[in-house]
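All remarks here apply to the structure that follows.
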Amino acid sequence: MKKIYGNEYVLSTLRSMVTSGRTAHSLLLYGEKGSGKRLIASYYTSLLLCEAPTEDGPCGCCNGCHHSERGTHPDVLEVEHSGKLGGFSVETARAIIADAFIKPNNNSGRKIYIFADCRNLDPRTQNTLLKLIEEPPDYAFFIFTAESKAEFLPTIISRCVCLGTAPCTPGEAEEAIIAEGFTEEEAKKAVGCFHGNIGMCLKYLRDENLMKQVDLTKSIADSIIKRDEYALNVAFSSGIKERNDIREILAMLDKLIRDAAVLTKDSNAALIGCFRSGAAGLSELLTTGQAVRIHRSIEKAWRAVEANVSIPLVTASLCAEIIDITG
């Protein structure tokens, strides 16, 4: 099985549950994108299907392990997203309920349903699933992954074992990236942007669009430092074709603003953004109060994007607010 870096507490908790016979029928893995939630979900799936799990993890030799690793196990279902917001429909939930009461046909005697990347979850869908999660068949297991527990109703959260994932150390991230065939220089470049988040580091090196988003975020930061509203507008409008592009750029800009606020207090602080020198420049320009105001403006822009407001209108308004705050 693919090596999982970091998150040892989460992994040891899952192993302990399985080997002690106290498995969680409903598991919620939450943490930032790229922090290993999907890989850990696969690890727990392998533990559940393994015919001889140990304190070190799945045996890796049995049919359950082989099918799980290849993604060919007939009793593992990754539930499909649906709708414009990419959630899960009530109809999908009802289909899962019906399927969950059909007994599995494998040596482990278990069926596993994976609800990955949960976002914009309709409360009606969650309420439809609630009874099943509350009283599942002995053989049925449900794994949810999300960036935040806030995506779920309290009634769902209370019926799940919730475990948070976290980025690795920069050293672990570099090791993992090099193990994927990249050079040490490429690894350092990626870690400079996304630190110990291995998933995002690898995506950065493989996804040209993410590279462009990082470059645009750096251009936006430079334009703010120069207080150049025209350049700021140009930076925001350059290459933004999809609604997801502006989401990613707003998220990365917000991290830079956070870093700038931190650097005003501690010039050696650990940062989370993709542009350390840009954050340092912003820290010389912004007071903590100004950084908070820009953060709120970014949050307002995010909500407008989610509400399907025109992207050019959102970015123009945000640019004007940022220049007004920094002026």
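Ligands are numbered from 1 in the order shown, chains are lettered A, B, ... in the order of the structure tokens, and residues start at 1 in each chain.
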Handout entry: DSSP-assigned alpha helix (DSSP H) among segment 76-205 of chain A, expressed as a PyMOL selection string
Key = chain A and resi 90-100+123-134+154-157+170-179+184-194+198-205
Exercise for the section: From a DSSP pass on the backbone, collect the residues of segment 24-150 of chain A flagged as strand (DSSP E or B) and hand them back as a ChimeraX atom specification. Expected result: /A:26-30,54,57,76-78,82,87,111-118,140-146
Could you give me, as CSV, a per-residue list for segment 165-206 of chain A showing, wherever an atom lies at most 9 Å from an atom of segment 26-34 of chain A, the closest pair of atoms and their distance in Å to one decimal, using only C-alpha atoms and sorting by chain then residue number from low to high?
```
residue,atom,partner,partner_atom,distance
A:Thr165,CA,A:Gly31,CA,5.0
A:Ala166,CA,A:Gly31,CA,6.4
A:Pro167,CA,A:Gly34,CA,8.0
A:Asn197,CA,A:Gly34,CA,5.8
A:Ile198,CA,A:Gly34,CA,6.3
A:Gly199,CA,A:Gly34,CA,3.8
A:Met200,CA,A:Gly34,CA,5.0
A:Cys201,CA,A:Gly34,CA,8.1
A:Leu202,CA,A:Gly34,CA,8.9
A:Lys203,CA,A:Gly34,CA,8.5
```
Selection above as a file: C-alpha atoms, as an mmCIF file, in the first residue's frame:
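New file result_20.cif:
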```cif
data_model
loop_
_atom_site.group_PDB
_atom_site.id
_atom_site.type_symbol
_atom_site.label_atom_id
_atom_site.label_comp_id
_atom_site.auth_asym_id
_atom_site.auth_seq_id
_atom_site.Cartn_x
_atom_site.Cartn_y
_atom_site.Cartn_z
ATOM 1 C CA THR A 165 -5.826 15.130 9.400
ATOM 2 C CA ALA A 166 -2.872 17.498 9.347
ATOM 3 C CA PRO A 167 -0.040 18.408 6.979
ATOM 4 C CA ASN A 197 0.679 19.499 2.436
ATOM 5 C CA ILE A 198 1.880 16.635 0.238
ATOM 6 C CA GLY A 199 -1.285 16.426 -1.838
ATOM 7 C CA MET A 200 -1.172 20.091 -2.797
ATOM 8 C CA CYS A 201 2.601 19.962 -3.412
ATOM 9 C CA LEU A 202 2.157 17.090 -5.868
ATOM 10 C CA LYS A 203 -0.818 18.781 -7.515
#
```
What's around Gly83 of chain A at 12 Å? Count only C-alpha atoms, leave out sequence neighbours fewer than 5 positions away in its own chain, and write the answer as a short mmCIF file (atom, residue, chain, number, x, y, z; two decimals) with N, CA and C atoms, in the first residue's frame.
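Full text of out28.cif as output:
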```cif
data_model
loop_
_atom_site.label_atom_id
_atom_site.label_comp_id
_atom_site.auth_asym_id
_atom_site.auth_seq_id
_atom_site.Cartn_x
_atom_site.Cartn_y
_atom_site.Cartn_z
N PHE A 88 -24.47 15.48 -2.63
CA PHE A 88 -25.10 14.17 -2.79
C PHE A 88 -26.61 14.36 -2.68
N SER A 89 -27.34 13.84 -3.65
CA SER A 89 -28.78 14.07 -3.69
C SER A 89 -29.53 13.15 -2.73
N VAL A 90 -30.77 13.51 -2.44
CA VAL A 90 -31.63 12.67 -1.62
C VAL A 90 -31.85 11.32 -2.31
N GLU A 91 -31.99 11.35 -3.64
CA GLU A 91 -32.17 10.11 -4.40
C GLU A 91 -30.96 9.19 -4.24
N THR A 92 -29.77 9.77 -4.27
CA THR A 92 -28.56 8.98 -4.06
C THR A 92 -28.55 8.37 -2.66
N ARG A 119 -19.06 18.48 0.46
CA ARG A 119 -19.14 19.95 0.42
C ARG A 119 -20.53 20.34 -0.03
N ASN A 120 -21.07 21.39 0.57
CA ASN A 120 -22.42 21.83 0.23
C ASN A 120 -23.44 20.69 0.38
N LEU A 121 -23.34 19.98 1.51
CA LEU A 121 -24.23 18.85 1.74
C LEU A 121 -25.64 19.34 2.07
N ASP A 122 -26.60 18.89 1.31
CA ASP A 122 -27.99 19.25 1.53
C ASP A 122 -28.46 18.64 2.86
#
```
Which residues, written as a PDB file with N, CA and C atoms, in the first residue's frame, have at least one atom at most 10 Å from Ser238 of chain A, with only C-alpha atoms counted and residues fewer than 5 positions away on the same chain left out?
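That gives us part-v8.pdb:
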```pdb
ATOM      1  N   LYS A 212      -0.506  28.314 -12.402  1.00  0.00           N
ATOM      2  CA  LYS A 212      -0.966  29.636 -12.825  1.00  0.00           C
ATOM      3  C   LYS A 212      -1.688  30.351 -11.694  1.00  0.00           C
ATOM      4  N   GLN A 213      -2.486  29.607 -10.931  1.00  0.00           N
ATOM      5  CA  GLN A 213      -3.206  30.215  -9.812  1.00  0.00           C
ATOM      6  C   GLN A 213      -2.227  30.752  -8.763  1.00  0.00           C
ATOM      7  N   LEU A 216      -0.683  33.917 -10.176  1.00  0.00           N
ATOM      8  CA  LEU A 216      -1.636  35.028 -10.116  1.00  0.00           C
ATOM      9  C   LEU A 216      -1.759  35.564  -8.690  1.00  0.00           C
ATOM     10  N   ASN A 233      -6.500  44.769 -10.586  1.00  0.00           N
ATOM     11  CA  ASN A 233      -7.634  44.303 -11.387  1.00  0.00           C
ATOM     12  C   ASN A 233      -7.179  43.380 -12.512  1.00  0.00           C
TER      13      ASN A 233
END
```
Exercise for the section: Please provide as a ChimeraX atom specification all residues within 10 Å of Thr155 of chain A, with the sequence filter that same-chain residues fewer than 2 positions apart are discarded (counting only C-alpha atoms). Expected result: /A:126-127,130,134,152-153,157-160
Practice task
Tell me which protein, DNA and RNA residues are within 9 Å of Ile257 of chain A, counting only C-alpha atoms, leaving out same-chain ones fewer than 3 positions away, and put them as a list of chain:residue names.
Solution key: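 So, after excluding close chain neighbours, the residues are A:Ala221, A:Met252, A:Leu253, A:Asp254, A:Ala260, A:Ala261, A:Val262, A:Gly273, A:Ala279, A:Leu282, A:Ser283, A:Leu286, A:Ala291, A:Val292, A:Ile294, A:His295.
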Exercise for the section: Would you mind telling me which residue in A:Arg110, A:Lys37, A:Arg293, A:Arg276 lies nearest to Leu77 of chain A when using only C-alpha atoms? Expected result: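 Among the listed residues, the smallest separation from Leu77 of chain A belongs to A:Arg110.
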Problem - Residue neighbourhood Lys103 of chain A, 8 Å, only C-alpha atoms, exclusion window fewer than 5 positions, as an MDAnalysis selection string - result: chainID A and resid 109 111 139
